[in-house]
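Okay, so here's the structure we're looking at.
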Amino acid sequence: MIGGNARIMNATRGFLRQTAWVAGVVLVAGCSAQVDRPVVPVPPVAVSTTIEAKPYVGSTSGALVAAANPLAVDAGIEVLAAGGSAVDAAIAVQAVLGLVEPQSSGLGGGAFLVHYDAATGDVVTYDGREIAPRGATPDMFLDANGRPLDYTTAIRSGRSVGVPGAVAMLEMAHREHGRLPWRQPWQRAATIASEGFAVSPRLHQIIGAALERGPLPPSASRYLTVDGVKPLPIGARLVNPAYAKTVSAIADEGAKTFYSGAIAKEIVAAVGEGAIPGSLNAEDLRSYRPNKLEPICGNYRVYLVCGMRPPSSGGVAVLSVLGTLENFDLAGMGATTQGWHHFIEAQRLAYADRDMYVADDRFEAVPLAGLIDKDYLRSRAALISADKVMARVEAGDPPGSTRRGKDATGAVTGTSHFVVVDRRGNVVSMTTTVESLFGSLRMAGGFFLNNQLTDFSFKPVDDRGVPIANAVAPGKKPRSSMTPTIVFRDGQFELAVGSPGGNNIIAYVSKSIIAMLDWNLSPQAAIDLPNMIARNNLVVERGRADPALLEGLTALGHDTSRSRGGEGSGLHAVRRLSDGRLVGAADPRREGKVGMIP
């Protein structure tokens with residue numbers, strides 16, 4: 001336990017039924033600290049709500065999965081059709097995604113999962129974030145001259161690999177919400193790995209993008225390329241017997257086999273290879289424990305929005321964006337120049353606060369309550385003008401805060417997101433990642449290992465010598481932007497959404513929520529809108545933006561010249577209509593789809 005100060009709960013039951021609830025640190029009994037670490041008193045987050053969550057009642061139309069690859073969707077639907085729960089289906093989806101979309105997520109990475117129990121009205125979250133090994137040091141991403149390493153060098157080094165958490169997290173969620181035997185949801189992934197699957201256009205393209213950054217490590221080169229030079233061609237059959245063996249072992253023996261034994265030895269060996277090895281060892285793996293946390297929730301107009309608390313910054317940042325925009329008539333503005341202008345400006349304010357204050361709250365005192373305080377966000381909204389862009393945006397001083405150093409965390413994108421609703425109305429919104437393209441590009445057991453530790457600030461202090469909240473420390477989790485979200489209205493499930501995209505995720509998810517709730521768009525139309533990210537400089541998905549809109553934003557002072565490149569979003573969403581029907585949506589920027597069963 002964290003110095004004996006952590007509150008231990010076996011479940012967070014019924015807290016949404018309260019008119020006010022407290023979200024402190026919650027660990028499941030049996031979870032333990034990985035290393036000795038500073039004890040930071042975490043102030044409770046009191047969020048006043050006007051919504052009383054209720055168990056699901058009324059009709060529902062079947063079950064649904066929306067994810068970034070058709071094979072993964074089919075695996076999830078197969079499990080749901082067999083009577084599986086939303087969590088059972090999530091295991092199947094993740095197991096297949098890690099095989100067919102290995103550039104984004106997998107067994108060697110981490111994940112955050114938000115779960116809604118339709119029978120009780122309870123919402124809980126599961127934290128499977130990677131953790132820095134005992135041997136991590138604050139300066140491990142600095143070179144001999146004290147300068148930050150080149151990002152590609154850092155990503156491909158063994159130092160970038162954190163202890164993977166996705167497998168342990170899924171097992172924890174399954175113990176509480178699974179209906180099928182643990183082994184059943186893994187079977188489809190084992191079969192596909194043994195029989196092979198066709199290389200998709202997107203996988204082919206991203207192998208090429210990885211090659212452009214330099215030669216691949218031997219194991220990745222053998223797996224992904226033709227003679228180490230060209231990416232596997234579209235349609236080539238990719239067989240992975242090592243992955244089949246790994247998932248079969250996990251299915252038969254549980255998560256413990258992943259964190260000890262032969263698989264663990266392969267992980268440690270892969271991390272220790274090369275000119276810049278990492279320190280991750282067998283004890284780091286054996287001692288990993290996932291956490292079960294209360295979500296961070298807040299009101300937005302007539303809705304209750306629930307997401308992940310730290311180490312993810314996604315939940316608090318989205319609530320910051322929404323809480324700022326709640327002071328404006330977004331519905332009246334619509335998806336016009338004024339609507340987008342206010343959204344962009346609210347992002348700038350939220351990102352500035354997020355960058356300064358949010359980190360792993362077991363190590364840093366994060367002012368969560370202050371960051372989403374209604375009065376504080378009203379003061380931030382007062383900075384937004386309808387006539388022009390704010391000249392300069394800086395972090396504010398939310399209640400309970402202590403200013404930190406200027407953040408030096410990069411902006412690498414990756415990750416995958418999916419949503420599941422089962423026949424009983426239970427919901428999973430899960431974001432999962434290995435971080436960059438194929439993570440660290442180091443393989444073990446047929447899967448890629450994450451480069452998640454590059455989500456830390458490369459510098460431990462800023463140029464003034466002030467400590468940076470998201471600095472590296474042993475046992476610490478790097479700040480994440482993953483934002484799996486579930487929204488309620490009148491105590492009933494309304495929608496679930498999330499996306500990949502690094503720290504751009506906050507912008508993608510906020511856009512989709514606003515488009516659905518304020519601009520009255522369908523989930524698909526909301527996802528299809530152009531992405532506009534305003535963390536440091538405004539970046540616009542110009543190919544999807546109306547020229548007249550760009551002209552209007554430019555007239556207000558926005559620099560719309562930076563066009564969005566790279567992987568972009570991978571939004572997946574589901575909304576329940578008033579008659580109980582489910583409407584899903586998959587991001588056309590990736591290769592996913594929506595699957596349903598009656």
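In the structure tokens, each chain is lettered A, B, ... as it comes, each chain's residues begin at 1, and ligands are numbered from 1 in order of appearance.
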
So that I can see what lies close to Ala395 of chain A, please list as a PyMOL selection string the residues with an atom at most 9 Å from it, counting only C-alpha atoms and leaving out residues fewer than 6 positions away in the same chain. chain A and resi 349-357+403

So that I can see what lies close to Asn520 of chain A, please list as a VMD selection string the residues with an atom at most 10 Å from it, counting only C-alpha atoms and leaving out residues fewer than 4 positions away in the same chain. chain A and resid 331 334 to 335 513 to 516 525 to 526

May I have the selected residues written with C-alpha atoms, as an mmCIF file, in the first residue's frame?
data_model
loop_
_atom_site.group_PDB
_atom_site.id
_atom_site.type_symbol
_atom_site.label_atom_id
_atom_site.label_comp_id
_atom_site.auth_asym_id
_atom_site.auth_seq_id
_atom_site.Cartn_x
_atom_site.Cartn_y
_atom_site.Cartn_z
ATOM 1 C CA ALA A 331 -25.824 24.573 -29.194
ATOM 2 C CA GLY A 334 -23.571 25.138 -33.868
ATOM 3 C CA ALA A 335 -20.594 23.811 -35.837
ATOM 4 C CA ILE A 513 -18.780 14.761 -27.197
ATOM 5 C CA ILE A 514 -19.559 18.375 -28.096
ATOM 6 C CA ALA A 515 -20.699 17.397 -31.583
ATOM 7 C CA MET A 516 -23.085 14.760 -30.240
ATOM 8 C CA ALA A 525 -21.167 12.510 -38.168
ATOM 9 C CA ALA A 526 -19.424 13.652 -34.989
#

I need the residues in segment 298-423 of chain A that are strand (DSSP E) according to DSSP; give them as a list in words.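 Selecting the strand (DSSP E) positions of segment 298-423 of chain A gives Gly298, Asn299, Tyr300, Tyr303, Leu304, Val305, Cys306, Gly307, Ser416, His417, Phe418, Val419, Val420 and Val421 of chain A.
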
Which of these residues is nearest to Asp361 of chain A, using only C-alpha atoms: A:Gly228, A:Pro70, A:Gly439, A:Pro311?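 Among A:Gly228, A:Pro70, A:Gly439, A:Pro311, it is A:Pro311 that comes nearest to Asp361 of chain A.
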
Interatomic distance, atom CA of Ala382 of chain A to atom CA of Asp559 of chain A (Å, one decimal):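 Between atom CA of Ala382 of chain A and atom CA of Asp559 of chain A the gap is 21.9 Å.
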
Neighbours of segment 568-584 of chain A within 7 Å (only C-alpha atoms; same-chain residues fewer than 5 positions away dropped), as a PyMOL selection string? chain A and resi 58-61+66-68+416-419+494-501+508+523+527+589-590+594

All residues 7 Å or closer to Val79 of chain A, only C-alpha atoms, same chain fewer than 6 positions away omitted, as JSON, numbers by chain: {"A": [88, 89, 185]}

Output the selection as a short mmCIF file (atom, residue, chain, number, x, y, z; two decimals), in the first residue's frame - C-alpha atoms for each residue.
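Ended up saving to result-v3.cif:
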data_model
loop_
_atom_site.label_atom_id
_atom_site.label_comp_id
_atom_site.auth_asym_id
_atom_site.auth_seq_id
_atom_site.Cartn_x
_atom_site.Cartn_y
_atom_site.Cartn_z
CA ASP A 88 -15.35 -10.91 -22.08
CA ALA A 89 -15.69 -9.26 -25.48
CA PRO A 185 -12.20 -15.01 -25.26
#

Length of the atom CA of Arg179 of chain A to atom CA of Ile263 of chain A vector [Å]: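 Result for atom CA of Arg179 of chain A versus atom CA of Ile263 of chain A: 27.0 Å, one decimal.
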
Which distance in Å separates atom CA of Gly98 of chain A and atom CA of Val316 of chain A, to one decimal?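 Atom-to-atom, atom CA of Gly98 of chain A to atom CA of Val316 of chain A, that is 27.9 Å.
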
Using only C-alpha atoms, the shortest atom-to-atom distance to Ala132 of chain A among A:Asp227, A:Asp373, A:Asp528, A:Asp360 belongs to A:Asp360

Go through segment 324-441 of chain A residue by residue and, counting only C-alpha atoms, keep those with an atom at most 9 Å from segment 117-123 of chain A; for each kept residue give the shortest atom pair and its distance in Å to one decimal, ordered by chain and increasing number, as CSV.
residue,atom,partner,partner_atom,distance
A:Arg424,CA,A:Ala118,CA,6.8
A:Gly425,CA,A:Ala118,CA,5.4
A:Asn426,CA,A:Ala118,CA,5.0
A:Val427,CA,A:Asp117,CA,6.9

Of the residues A:Val268, A:Leu170, A:Met443, A:Ile91, which is the one nearest to Leu224 of chain A, using only C-alpha atoms? A:Met443

Non-local contacts of Pro148 of chain A (9 Å; only C-alpha atoms; under 5 positions in same chain excluded) as a list of chain:residue names: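 Listing them by chain and then by number gives A:Asp139, A:Phe141, A:Leu142, A:Asp143, A:Ala154, A:Phe458, A:Lys459.
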
Print the selection's residues with N, CA and C atoms to a file, as a PDB file, in the first residue's frame.
ATOM      1  N   ASP A 139      17.141  11.125 -15.067  1.00  0.00           N
ATOM      2  CA  ASP A 139      17.912  11.633 -16.201  1.00  0.00           C
ATOM      3  C   ASP A 139      18.133  10.585 -17.291  1.00  0.00           C
ATOM      4  N   PHE A 141      16.648   9.832 -19.947  1.00  0.00           N
ATOM      5  CA  PHE A 141      16.421  10.246 -21.333  1.00  0.00           C
ATOM      6  C   PHE A 141      17.259  11.465 -21.711  1.00  0.00           C
ATOM      7  N   LEU A 142      18.318  11.703 -20.949  1.00  0.00           N
ATOM      8  CA  LEU A 142      19.287  12.753 -21.278  1.00  0.00           C
ATOM      9  C   LEU A 142      20.567  12.108 -21.778  1.00  0.00           C
ATOM     10  N   ASP A 143      21.262  12.800 -22.700  1.00  0.00           N
ATOM     11  CA  ASP A 143      22.538  12.267 -23.180  1.00  0.00           C
ATOM     12  C   ASP A 143      23.674  12.668 -22.239  1.00  0.00           C
ATOM     13  N   ALA A 154      15.393   7.429 -28.312  1.00  0.00           N
ATOM     14  CA  ALA A 154      14.803   7.108 -27.012  1.00  0.00           C
ATOM     15  C   ALA A 154      13.736   6.028 -27.141  1.00  0.00           C
ATOM     16  N   PHE A 458      11.220  14.288 -20.744  1.00  0.00           N
ATOM     17  CA  PHE A 458      12.622  13.892 -20.888  1.00  0.00           C
ATOM     18  C   PHE A 458      13.514  14.660 -19.913  1.00  0.00           C
ATOM     19  N   LYS A 459      13.085  15.841 -19.497  1.00  0.00           N
ATOM     20  CA  LYS A 459      13.844  16.623 -18.525  1.00  0.00           C
ATOM     21  C   LYS A 459      13.123  16.576 -17.180  1.00  0.00           C
TER      22      LYS A 459
END

With a distance cut-off of 7 Å and only C-alpha atoms, select the neighbouring residues of Tyr126 of chain A, excluding the residue or stretch itself and same-chain residues fewer than 6 positions from it, and output the selection as a ChimeraX atom specification. /A:112-114,169,291-293

Quick one: write out the picked residues with C-alpha atoms as a short mmCIF file (atom, residue, chain, number, x, y, z; two decimals), in the first residue's frame?
data_model
loop_
_atom_site.label_atom_id
_atom_site.label_comp_id
_atom_site.auth_asym_id
_atom_site.auth_seq_id
_atom_site.Cartn_x
_atom_site.Cartn_y
_atom_site.Cartn_z
CA PHE A 112 -7.41 2.00 -19.29
CA LEU A 113 -10.93 0.59 -19.10
CA VAL A 114 -14.15 2.28 -17.94
CA MET A 169 -5.79 -5.38 -15.95
CA ASN A 291 -5.37 -0.77 -9.97
CA LYS A 292 -9.10 -0.31 -9.72
CA LEU A 293 -9.95 3.36 -9.36
#

Go through A:Pro217, A:Pro467, A:Pro310, A:Gly196 one by one, measure the shortest atom-to-atom distance of each to Leu368 of chain A using only C-alpha atoms, and give the residue with the smallest value.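 For Leu368 of chain A, the nearest of the given residues is A:Pro310.
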
Please provide as a CSV table (one decimal) with C-alpha atoms, in the first residue's frame all residues within 9 Å of Met482 of chain A, with the sequence filter that same-chain residues fewer than 2 positions apart are discarded (counting only C-alpha atoms).
chain,number,residue,atom,x,y,z
A,111,ALA,CA,-4.7,0.2,-21.1
A,112,PHE,CA,-7.4,2.0,-19.3
A,308,MET,CA,-10.1,8.1,-16.1
A,312,SER,CA,-4.4,9.6,-17.2
A,313,SER,CA,-4.9,13.3,-17.9
A,314,GLY,CA,-7.7,12.5,-20.3
A,315,GLY,CA,-10.6,12.6,-17.8
A,415,THR,CA,-2.8,3.7,-29.5
A,417,HIS,CA,-9.7,2.5,-28.8
A,430,MET,CA,-11.3,0.9,-23.4
A,431,THR,CA,-8.2,2.7,-24.7
A,432,THR,CA,-5.1,0.5,-25.2
A,433,THR,CA,-1.6,1.2,-26.4
A,480,SER,CA,-1.3,9.4,-20.2
A,484,PRO,CA,-12.1,6.3,-22.4
A,498,GLY,CA,-12.6,7.3,-27.0
A,499,SER,CA,-9.7,7.5,-29.4
A,500,PRO,CA,-6.0,6.9,-29.9
A,501,GLY,CA,-3.7,9.8,-30.8
A,502,GLY,CA,-1.3,10.7,-28.0
A,503,ASN,CA,-2.1,13.9,-26.3
A,505,ILE,CA,-6.8,12.3,-27.8
A,506,ILE,CA,-8.2,15.0,-25.5

Could you pull out all residues of segment 229-429 of chain A with a DSSP call of helix (DSSP H, G or I) and give them as a CSV table (one decimal) with N, CA and C atoms, in the first residue's frame?
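Heads up, here's the output in result06.csv:
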chain,number,residue,atom,x,y,z
A,241,PRO,N,3.2,-17.9,-35.0
A,241,PRO,CA,3.0,-19.0,-34.1
A,241,PRO,C,3.4,-18.7,-32.6
A,242,ALA,N,4.4,-17.8,-32.5
A,242,ALA,CA,4.8,-17.4,-31.1
A,242,ALA,C,3.7,-16.6,-30.4
A,243,TYR,N,2.9,-15.8,-31.1
A,243,TYR,CA,1.8,-15.1,-30.5
A,243,TYR,C,0.7,-16.1,-30.1
A,244,ALA,N,0.5,-17.1,-31.0
A,244,ALA,CA,-0.5,-18.2,-30.7
A,244,ALA,C,-0.1,-18.9,-29.4
A,245,LYS,N,1.1,-19.2,-29.3
A,245,LYS,CA,1.6,-19.9,-28.1
A,245,LYS,C,1.4,-19.0,-26.8
A,246,THR,N,1.7,-17.7,-26.9
A,246,THR,CA,1.6,-16.8,-25.8
A,246,THR,C,0.2,-16.7,-25.4
A,247,VAL,N,-0.8,-16.4,-26.3
A,247,VAL,CA,-2.2,-16.2,-25.9
A,247,VAL,C,-2.8,-17.5,-25.4
A,248,SER,N,-2.3,-18.6,-25.9
A,248,SER,CA,-2.8,-19.9,-25.4
A,248,SER,C,-2.3,-20.2,-24.0
A,249,ALA,N,-1.1,-19.8,-23.7
A,249,ALA,CA,-0.6,-19.9,-22.3
A,249,ALA,C,-1.3,-19.0,-21.4
A,250,ILE,N,-1.6,-17.8,-21.8
A,250,ILE,CA,-2.4,-16.9,-20.9
A,250,ILE,C,-3.8,-17.4,-20.7
A,251,ALA,N,-4.4,-18.0,-21.7
A,251,ALA,CA,-5.7,-18.5,-21.6
A,251,ALA,C,-5.8,-19.7,-20.7
A,252,ASP,N,-4.7,-20.5,-20.7
A,252,ASP,CA,-4.7,-21.7,-19.9
A,252,ASP,C,-4.3,-21.5,-18.4
A,253,GLU,N,-3.3,-20.6,-18.3
A,253,GLU,CA,-2.7,-20.4,-17.0
A,253,GLU,C,-3.0,-19.1,-16.3
A,255,ALA,N,-3.0,-14.7,-16.1
A,255,ALA,CA,-2.0,-13.6,-16.3
A,255,ALA,C,-0.7,-13.9,-15.7
A,256,LYS,N,-0.7,-14.7,-14.6
A,256,LYS,CA,0.6,-14.9,-13.9
A,256,LYS,C,1.7,-15.5,-14.8
A,257,THR,N,1.2,-16.2,-15.9
A,257,THR,CA,2.2,-16.8,-16.8
A,257,THR,C,2.9,-15.8,-17.6
A,261,GLY,N,8.1,-16.8,-15.6
A,261,GLY,CA,8.3,-17.9,-16.5
A,261,GLY,C,8.9,-17.5,-17.8
A,262,ALA,N,8.6,-18.3,-18.9
A,262,ALA,CA,9.3,-18.1,-20.1
A,262,ALA,C,9.0,-16.8,-20.8
A,263,ILE,N,7.7,-16.4,-20.7
A,263,ILE,CA,7.3,-15.1,-21.4
A,263,ILE,C,8.1,-14.0,-20.7
A,264,ALA,N,8.1,-13.9,-19.4
A,264,ALA,CA,8.8,-12.9,-18.7
A,264,ALA,C,10.3,-12.9,-19.0
A,265,LYS,N,10.9,-14.0,-19.2
A,265,LYS,CA,12.3,-14.1,-19.5
A,265,LYS,C,12.6,-13.5,-20.9
A,266,GLU,N,11.7,-13.7,-21.8
A,266,GLU,CA,11.8,-13.1,-23.2
A,266,GLU,C,11.7,-11.6,-23.1
A,267,ILE,N,10.7,-11.1,-22.3
A,267,ILE,CA,10.6,-9.7,-22.2
A,267,ILE,C,11.8,-9.0,-21.6
A,268,VAL,N,12.4,-9.6,-20.5
A,268,VAL,CA,13.6,-9.0,-19.9
A,268,VAL,C,14.7,-9.1,-20.9
A,269,ALA,N,14.9,-10.2,-21.6
A,269,ALA,CA,16.0,-10.3,-22.6
A,269,ALA,C,15.8,-9.2,-23.7
A,270,ALA,N,14.6,-9.0,-24.2
A,270,ALA,CA,14.4,-8.1,-25.3
A,270,ALA,C,14.7,-6.6,-24.8
A,271,VAL,N,14.4,-6.3,-23.6
A,271,VAL,CA,14.6,-5.0,-23.0
A,271,VAL,C,16.1,-4.8,-22.9
A,282,ALA,N,13.1,-9.2,-13.9
A,282,ALA,CA,12.1,-10.2,-13.6
A,282,ALA,C,11.2,-9.7,-12.4
A,283,GLU,N,11.9,-9.1,-11.4
A,283,GLU,CA,11.1,-8.7,-10.2
A,283,GLU,C,10.1,-7.6,-10.6
A,284,ASP,N,10.5,-6.7,-11.5
A,284,ASP,CA,9.6,-5.6,-11.9
A,284,ASP,C,8.3,-6.3,-12.5
A,285,LEU,N,8.5,-7.3,-13.3
A,285,LEU,CA,7.3,-8.0,-13.9
A,285,LEU,C,6.5,-8.7,-12.8
A,286,ARG,N,7.2,-9.5,-11.9
A,286,ARG,CA,6.5,-10.2,-10.9
A,286,ARG,C,5.6,-9.4,-10.0
A,314,GLY,N,-6.6,12.4,-19.4
A,314,GLY,CA,-7.7,12.5,-20.3
A,314,GLY,C,-9.0,12.9,-19.6
A,315,GLY,N,-9.3,12.3,-18.5
A,315,GLY,CA,-10.6,12.6,-17.8
A,315,GLY,C,-10.7,14.0,-17.3
A,316,VAL,N,-9.7,14.4,-16.6
A,316,VAL,CA,-9.7,15.8,-16.1
A,316,VAL,C,-9.6,16.8,-17.2
A,317,ALA,N,-8.8,16.6,-18.2
A,317,ALA,CA,-8.7,17.6,-19.3
A,317,ALA,C,-10.0,17.7,-20.1
A,318,VAL,N,-10.7,16.6,-20.4
A,318,VAL,CA,-11.9,16.7,-21.1
A,318,VAL,C,-13.0,17.4,-20.3
A,319,LEU,N,-13.0,17.1,-19.0
A,319,LEU,CA,-13.9,17.9,-18.1
A,319,LEU,C,-13.6,19.4,-18.0
A,320,SER,N,-12.3,19.7,-18.1
A,320,SER,CA,-11.9,21.1,-18.2
A,320,SER,C,-12.4,21.8,-19.4
A,321,VAL,N,-12.2,21.1,-20.6
A,321,VAL,CA,-12.7,21.7,-21.8
A,321,VAL,C,-14.2,21.9,-21.8
A,322,LEU,N,-14.9,20.8,-21.3
A,322,LEU,CA,-16.4,20.9,-21.3
A,322,LEU,C,-16.8,21.9,-20.3
A,323,GLY,N,-16.2,22.0,-19.1
A,323,GLY,CA,-16.6,22.9,-18.1
A,323,GLY,C,-16.4,24.4,-18.5
A,324,THR,N,-15.4,24.6,-19.3
A,324,THR,CA,-15.1,25.9,-19.8
A,324,THR,C,-16.2,26.3,-20.8
A,325,LEU,N,-16.5,25.3,-21.7
A,325,LEU,CA,-17.5,25.6,-22.8
A,325,LEU,C,-18.9,25.7,-22.2
A,330,LEU,N,-23.1,26.7,-26.9
A,330,LEU,CA,-22.5,26.0,-28.0
A,330,LEU,C,-23.6,25.4,-28.9
A,331,ALA,N,-24.7,25.1,-28.4
A,331,ALA,CA,-25.8,24.6,-29.2
A,331,ALA,C,-26.3,25.7,-30.1
A,332,GLY,N,-26.4,26.9,-29.6
A,332,GLY,CA,-26.9,28.0,-30.4
A,332,GLY,C,-25.8,28.4,-31.5
A,333,MET,N,-24.6,28.2,-31.2
A,333,MET,CA,-23.5,28.5,-32.2
A,333,MET,C,-23.5,27.5,-33.3
A,337,THR,N,-18.1,28.9,-37.4
A,337,THR,CA,-16.8,29.5,-37.0
A,337,THR,C,-16.8,29.8,-35.5
A,338,GLN,N,-17.8,30.4,-35.0
A,338,GLN,CA,-17.9,30.7,-33.6
A,338,GLN,C,-17.8,29.5,-32.7
A,339,GLY,N,-18.5,28.4,-33.1
A,339,GLY,CA,-18.5,27.2,-32.3
A,339,GLY,C,-17.1,26.6,-32.2
A,340,TRP,N,-16.5,26.5,-33.4
A,340,TRP,CA,-15.1,25.9,-33.4
A,340,TRP,C,-14.1,26.9,-32.7
A,341,HIS,N,-14.3,28.1,-32.9
A,341,HIS,CA,-13.4,29.1,-32.2
A,341,HIS,C,-13.4,28.9,-30.7
A,342,HIS,N,-14.6,28.8,-30.1
A,342,HIS,CA,-14.7,28.6,-28.7
A,342,HIS,C,-14.1,27.3,-28.3
A,343,PHE,N,-14.3,26.2,-29.1
A,343,PHE,CA,-13.8,24.9,-28.8
A,343,PHE,C,-12.2,25.0,-28.8
A,344,ILE,N,-11.7,25.6,-29.8
A,344,ILE,CA,-10.2,25.7,-29.9
A,344,ILE,C,-9.6,26.5,-28.7
A,345,GLU,N,-10.3,27.6,-28.3
A,345,GLU,CA,-9.7,28.4,-27.2
A,345,GLU,C,-9.9,27.6,-25.8
A,346,ALA,N,-11.0,26.9,-25.7
A,346,ALA,CA,-11.1,26.1,-24.4
A,346,ALA,C,-10.0,25.0,-24.4
A,347,GLN,N,-9.7,24.4,-25.5
A,347,GLN,CA,-8.6,23.4,-25.6
A,347,GLN,C,-7.3,24.0,-25.1
A,348,ARG,N,-7.0,25.2,-25.6
A,348,ARG,CA,-5.7,25.8,-25.3
A,348,ARG,C,-5.6,26.0,-23.7
A,349,LEU,N,-6.7,26.4,-23.1
A,349,LEU,CA,-6.7,26.6,-21.7
A,349,LEU,C,-6.5,25.3,-20.9
A,350,ALA,N,-7.2,24.3,-21.4
A,350,ALA,CA,-7.2,23.0,-20.7
A,350,ALA,C,-5.8,22.3,-20.9
A,351,TYR,N,-5.3,22.4,-22.0
A,351,TYR,CA,-3.9,21.8,-22.3
A,351,TYR,C,-2.9,22.5,-21.4
A,352,ALA,N,-3.0,23.8,-21.3
A,352,ALA,CA,-2.0,24.5,-20.5
A,352,ALA,C,-2.0,24.1,-19.0
A,353,ASP,N,-3.2,23.9,-18.5
A,353,ASP,CA,-3.3,23.4,-17.1
A,353,ASP,C,-2.9,22.0,-17.0
A,354,ARG,N,-3.3,21.2,-17.9
A,354,ARG,CA,-3.0,19.7,-17.9
A,354,ARG,C,-1.4,19.5,-18.0
A,355,ASP,N,-0.8,20.3,-18.8
A,355,ASP,CA,0.7,20.1,-19.0
A,355,ASP,C,1.4,20.5,-17.7
A,356,MET,N,0.9,21.5,-17.0
A,356,MET,CA,1.6,21.9,-15.8
A,356,MET,C,1.3,21.0,-14.6
A,357,TYR,N,0.1,20.6,-14.4
A,357,TYR,CA,-0.3,20.0,-13.1
A,357,TYR,C,-0.5,18.5,-13.1
A,368,LEU,N,-6.9,18.0,-8.7
A,368,LEU,CA,-8.0,17.5,-9.6
A,368,LEU,C,-9.3,18.3,-9.4
A,369,ALA,N,-9.6,18.5,-8.1
A,369,ALA,CA,-10.9,19.2,-7.8
A,369,ALA,C,-10.8,20.6,-8.3
A,370,GLY,N,-9.6,21.3,-8.1
A,370,GLY,CA,-9.4,22.7,-8.6
A,370,GLY,C,-9.5,22.8,-10.1
A,371,LEU,N,-8.9,21.8,-10.8
A,371,LEU,CA,-8.9,21.9,-12.3
A,371,LEU,C,-10.3,21.8,-12.9
A,374,LYS,N,-16.1,24.6,-10.9
A,374,LYS,CA,-17.0,25.4,-11.8
A,374,LYS,C,-16.6,26.9,-11.8
A,375,ASP,N,-16.3,27.4,-10.6
A,375,ASP,CA,-15.9,28.8,-10.5
A,375,ASP,C,-14.6,29.1,-11.2
A,376,TYR,N,-13.6,28.2,-11.0
A,376,TYR,CA,-12.3,28.3,-11.7
A,376,TYR,C,-12.5,28.3,-13.2
A,377,LEU,N,-13.3,27.3,-13.7
A,377,LEU,CA,-13.5,27.2,-15.2
A,377,LEU,C,-14.3,28.4,-15.7
A,378,ARG,N,-15.1,29.0,-14.9
A,378,ARG,CA,-15.8,30.2,-15.3
A,378,ARG,C,-14.8,31.4,-15.5
A,379,SER,N,-13.8,31.4,-14.6
A,379,SER,CA,-12.8,32.5,-14.7
A,379,SER,C,-11.9,32.2,-16.0
A,380,ARG,N,-11.7,31.0,-16.3
A,380,ARG,CA,-10.9,30.6,-17.5
A,380,ARG,C,-11.8,31.0,-18.7
A,381,ALA,N,-13.1,30.7,-18.7
A,381,ALA,CA,-13.9,31.0,-19.8
A,381,ALA,C,-14.0,32.5,-20.1

Just checking: using only C-alpha atoms, which residue out of A:Gly595, A:Gly135, A:Gly128, A:Gly106 ends up closest to Ala75 of chain A?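 Among the listed residues, the smallest separation from Ala75 of chain A belongs to A:Gly595.
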